[in-house]
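Presented below is the structure to which this report refers.
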Amino acid sequence: MMFWDSFDEKICLTLKTTPERKKAAEAEFKKVNLSDVDFFYGCLPGDEIVKNAFREGKVHAYPSCWRCGQDKCDCENNILVPAQIACFMSYVKIFEHAANSDSYTFLIMEDDIEFESYCNEVGEQVFQRDKLEAMHFYSEFPCLLSLGQNYFGKGHIGTRRYNNNIRWADGDLSECNVMFAFNKPYAKLALRFLKKFTMTSDIYIHNFLGTRCVHWSLFPRLSHDKSWSLGTVKSTIHPKQVLVDNKNLPMKMRLAEKQRMVKHTKRVESEAQYNKYIQDYLKDP
């Protein structure tokens with residue numbers, strides 16, 4: 001049995017507007033012999049379901065910063081923007097699917113994933129049913145496995161190095177939506193706690209819920225993402241300086257990202273500015 005078969009369903013989150021990312025993800029899956037992956041199309045910022053969340057007051061609003069809770073702060077991103085809520089709602093749909101599925105275990109990936117060279121070697125050792133069973137992955141307890149890395153340098157030393165040393169840590173809460181796994185009880189837990197969007201999906205999944213379930217983080221990580229970590233593809237949420245600084249990319253692409261940064265809003269300084277930002281967003285067809 002292939003070690004990927006330890007997961008009943010393999011799901012990759014993508015968007016209908018980014019077919020090139022779906023194609024790139026398929027190439028990555030082929031590299032690690034990962035088959036039977038279902039692509040799950042997520043929400044877009046302009047979708048009515050996302051706009052309704054803002055209209056109905058289901059999103060944490062300014063003046064308090066969603067990150068630190070203060071009315072005045074220096075946080076780079078002090079408001080939850082539509083793209084962040086669209087991403088979060090995409091994961092809500094995945095959890096709803098899992099909670100109502102006949103399957104019990106789920107491997108989740110994002111479409112900008114890039115696997116580490118040692119992925120299969122480590123996977124063969126850790127994704128064995130008896131080992132996962134001992135970690136309560138197949139039990140009635142909510143269980144989360146963090147497997148990827150969003151930020152290089154974040155987390156324990158050795159996150160992206162493999163020197164024949166493999167371990168599962170139970171106290172690491174690093175956000176890693178690029179690759180993680182969970183069981184059906186975890187999906188139900190995620191839906192039960194969600195009353196309002198007060199944080200981003202990665203913090204909710206790996207940090208907030210990570211302290212409320214059986215949570216294991218694998219080291220070394222099996223994958224990283226291309227948008228946040230490498231800056232080789234555009235992030236669908238916030239434009240990134242790392243892409244602008246990537247001299248291996250065409251100058252046209254780097255300049256476009258720089259312009260995108262200028263026009264992008266992720267921080268406001270007043271309630272009037274916030275209200276106008278939301279009103280303009282809701283009026284946008």
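How things are named: the first chain in the structure tokens is A, the next is B, and so on; residues count from 1 in each chain; ligands count from 1 in the order shown.
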
Can you build me a table of stretch 168-217 of chain A residues sitting at most 12 Å from stretch 46-53 of chain A, with the closest atom pair per residue and its distance in Å to one decimal, using only C-alpha atoms, sorted by chain and residue number, as CSV?
residue,atom,partner,partner_atom,distance
A:Lys195,CA,A:Ala53,CA,11.3
A:Lys196,CA,A:Ala53,CA,8.9
A:Phe197,CA,A:Ala53,CA,8.5
A:Thr198,CA,A:Ala53,CA,11.6

DSSP-assigned strand (DSSP E or B) among stretch 18-194 of chain A, expressed as a list in words = Val37, Asp38, Phe39, Phe40, Tyr41, Val59, Thr105, Phe106, Leu107, Ile108, Met109, Glu110, Ile113, Glu114, Phe115, Cys143, Leu144, Leu145, Ser146, Gly148, Gln149, Arg167, Trp168, Ala169, Met179, Phe180, Ala181, Phe182 and Asn183 of chain A

Would you kindly return, as a PyMOL selection string, each protein, DNA or RNA residue with an atom no farther than 9 Å from any atom of stretch 226-243 of chain A, considering only C-alpha atoms and excluding same-chain residues fewer than 5 positions away?
-> chain A and resi 21+81-84+87+112-114+149-152+248-249+253-254+257-258+260-261+264-266

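With only C-alpha atoms as the atoms that count, the minimum distance from A:Asp284 to the choices A:Leu145, A:His224, A:Glu175, A:Pro45 is reached by A:Pro45.
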
Compile the contact shell of stretch 179-182 of chain A as number ranges by chain: residues with an atom at most 10 Å away, counting only C-alpha atoms, same-chain residues fewer than 6 positions apart removed.
-> A: 7, 9-12, 95, 98, 104-111, 113-115, 137-138, 142-150, 205-206, 214-218, 221-225

So that I have them on file, write out the residues from the current selection with C-alpha atoms, as a compact mmCIF listing (two decimals), in the first residue's frame.
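Produced file part-v9.txt, reproduced below:
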# COMPACT_ATOMS: atom_id res chain seq x y z
CA PHE A 7 -5.52 9.32 4.01
CA GLU A 9 -9.27 11.76 0.81
CA LYS A 10 -6.59 14.00 -0.69
CA ILE A 11 -7.81 17.53 -1.40
CA CYS A 12 -6.08 20.49 -3.02
CA PHE A 95 -14.62 21.23 6.86
CA ALA A 98 -15.36 16.43 5.72
CA TYR A 104 -12.62 9.75 8.07
CA THR A 105 -9.15 11.19 7.32
CA PHE A 106 -8.22 14.04 5.01
CA LEU A 107 -4.97 15.39 3.56
CA ILE A 108 -5.25 19.07 2.56
CA MET A 109 -2.90 21.01 0.31
CA GLU A 110 -2.87 24.40 -1.41
CA ASP A 111 -2.16 24.81 -5.10
CA ILE A 113 2.72 23.69 -2.91
CA GLU A 114 6.25 22.52 -3.59
CA PHE A 115 7.41 19.25 -2.03
CA PHE A 137 -5.42 10.06 14.04
CA TYR A 138 -8.06 7.36 13.52
CA PRO A 142 -10.08 15.60 17.03
CA CYS A 143 -6.59 15.28 15.52
CA LEU A 144 -4.53 17.66 13.38
CA LEU A 145 -1.22 16.94 11.63
CA SER A 146 0.81 19.97 10.51
CA LEU A 147 3.00 18.91 7.59
CA GLY A 148 4.06 21.95 5.57
CA GLN A 149 5.76 25.27 6.15
CA ASN A 150 4.58 28.74 5.13
CA ILE A 205 -6.63 26.00 11.97
CA HIS A 206 -3.15 25.59 13.43
CA VAL A 214 -4.58 16.31 19.49
CA HIS A 215 -2.03 18.23 17.45
CA TRP A 216 1.23 16.94 15.97
CA SER A 217 3.72 18.91 13.87
CA LEU A 218 6.10 16.93 11.68
CA ARG A 221 8.40 19.61 7.01
CA LEU A 222 7.38 17.83 3.82
CA SER A 223 6.59 20.87 1.71
CA HIS A 224 6.61 24.64 1.45
CA ASP A 225 4.63 27.16 -0.57

Please provide as a PyMOL selection string all residues within 10 Å of A:Phe193, with the sequence filter that same-chain residues fewer than 3 positions apart are discarded (counting only C-alpha atoms).
-> chain A and resi 188-190+196+204+208-209

Quick one: write out the picked residues with C-alpha atoms as an mmCIF file, in the first residue's frame?
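Now in out-v2.cif:
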data_model
loop_
_atom_site.group_PDB
_atom_site.id
_atom_site.type_symbol
_atom_site.label_atom_id
_atom_site.label_comp_id
_atom_site.auth_asym_id
_atom_site.auth_seq_id
_atom_site.Cartn_x
_atom_site.Cartn_y
_atom_site.Cartn_z
ATOM 1 C CA LYS A 188 -16.624 18.986 13.421
ATOM 2 C CA LEU A 189 -14.591 20.813 16.064
ATOM 3 C CA ALA A 190 -13.609 23.478 13.526
ATOM 4 C CA LYS A 196 -17.441 34.851 13.607
ATOM 5 C CA TYR A 204 -7.579 29.429 13.327
ATOM 6 C CA PHE A 208 -6.515 28.420 17.857
ATOM 7 C CA LEU A 209 -7.691 24.861 17.165
#

Could you jot down the atom CA of A:Phe3 to atom CA of A:Trp168 separation for me, Å, one decimal place?
->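 Separating atom CA of A:Phe3 from atom CA of A:Trp168 is a distance of 17.1 Å.
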
Would you give me, as an NGL selection string, the residues in stretch 112-267 of chain A that DSSP reads as alpha helix (DSSP H)?
-> :A and (119-126 or 129-134 or 184-193 or 201-203 or 241-244 or 251-263)
